Amino acid sequence: MSNQRGRRGENTVGAGDSRPGHPGSADPGSADPDGPDPDGRDPDGRDPDGRHPPLDRHRPDPEGCSIGDLGEFGLIAEMAARMRPGPGTVVGIGDDAAVLAAPDGRVVATTDFLLEGRHFRRDWAGPADIGHRAAVHSLADIAAMGAVATALLVAFAAPADLPASWALGVADGLAAESARAGASVAGGDVARFGTVLLAVTALGDLQGRNPVTRSGARPGDVVAVAGPLGRSAAGLALLQSGLVDPADVGAWTDAGDPADTGDRTDGGDPDRPAEVAGLAGLVRAHLRPAPPYDAGPEAATLGATAMIDVSDGLLADLGHVADASGVAIDVRTAALDTAPLEPAVRALRASALGEAPRATALGWVLTGGEDHSLVATFPPGVPLPARWPVIGAVREGHGVLVDGRAHSGAPGWDHFRV
């Protein structure tokens, strides 16, 4: 991780600074006339390779203390200890900037952020959930370009009284989701702020492939999707209704596969009703979406002409493809899988809470967003793997159609209109 000196605008990375005597300095011996500790660590506690080790005698125990108690560099060190470098990291956390291998000669880059109160609530999501989600937002964009993620750069801001264990839970979630994508956290920034903010920049490697953009769809192409649709939206609706206790979801799903989004019939507990297990799985899909990252490079290899991840809603995101490509895209509702969402519809309608009677499984699939599944267009006749079911076609014209007709209502999420 890195830190930002807000008062003077200085930017130092991984607690590194070129000034002699500064913690993390390129000349650590100048801060201590005795030089490195006998165990080979620099005076600020870093290992000889520049990475911060777990807590040592110089720092407070993070259990029971706040990030203010840890201090800037203590927090950086504790977070860094949870973020081991990936195979493409030449210089990782602990220097002024990360150095990454770029075998392809091109780097795919994207950035996104999560803001407490806008993108997540701490009473609904645990710290690891939030770390996972923050990573997913950017990692899915890399996959949607047909690339393989290599590294994340993370900026983390929070109040000084935030429990250190909570901040480190976020770091664990970031590290775990990065590893699932084959990447690692290579650096970032920390700062004090009135609420929690996570900004994540992801980098990726095309591995010799051409990038798959939004602008290549052509009339006659088929539209296919890899990953679930509508489950995150259904889970959010359940959280908003209060029908599912987030604590129960954590206890119910943590032992299982984070990609499990409600398809199980018994939830691993014969005494637990299958319907409740399904609802918990949908909430889990919102708290920890698990897109198939490897489907992005696979689509590129198969000849995908355009691709995007479903973050704002299937219709909204296909609208970006249609606009960029100058075509119309027609979605076939009969090809969309809504069955896993029906338990949530029944539960919400039975509750008679607020807008619940108007909730529909198809509505979530078409406009829900935040599953971060990949939707792509392919030339006709391309044999597609089973995980890429065809859900529509590309036509002459413009915009997105549903079963040949214009969709009434909002196509998905818009930050400045919702």
# chains A, B, ... in the order shown; residues from 1 in each chain; ligands from 1
call {"tool": "select_by_dssp", "arguments": {"residues": "segment 72-211 of chain A", "states": "alpha helix (DSSP H)", "output": "PyMOL selection string"}}
result
chain A and resi 72-80+127-144+164-180
call {"tool": "closest_residue", "arguments": {"among": "A:Glu342, A:Ala280, A:Ala226, A:Ser232", "to": "Arg387 of chain A", "atoms": "only C-alpha atoms"}}
result
A:Ala226
call {"tool": "closest_residue", "arguments": {"among": "A:Glu63, A:Asp403, A:Asp312, A:Glu396", "to": "Leu162 of chain A", "atoms": "only C-alpha atoms"}}
result
A:Glu63
call {"tool": "atom_distance", "arguments": {"atom1": "atom CA of Ala386 of chain A", "atom2": "atom CA of Ala344 of chain A"}}
result
26.4 Å
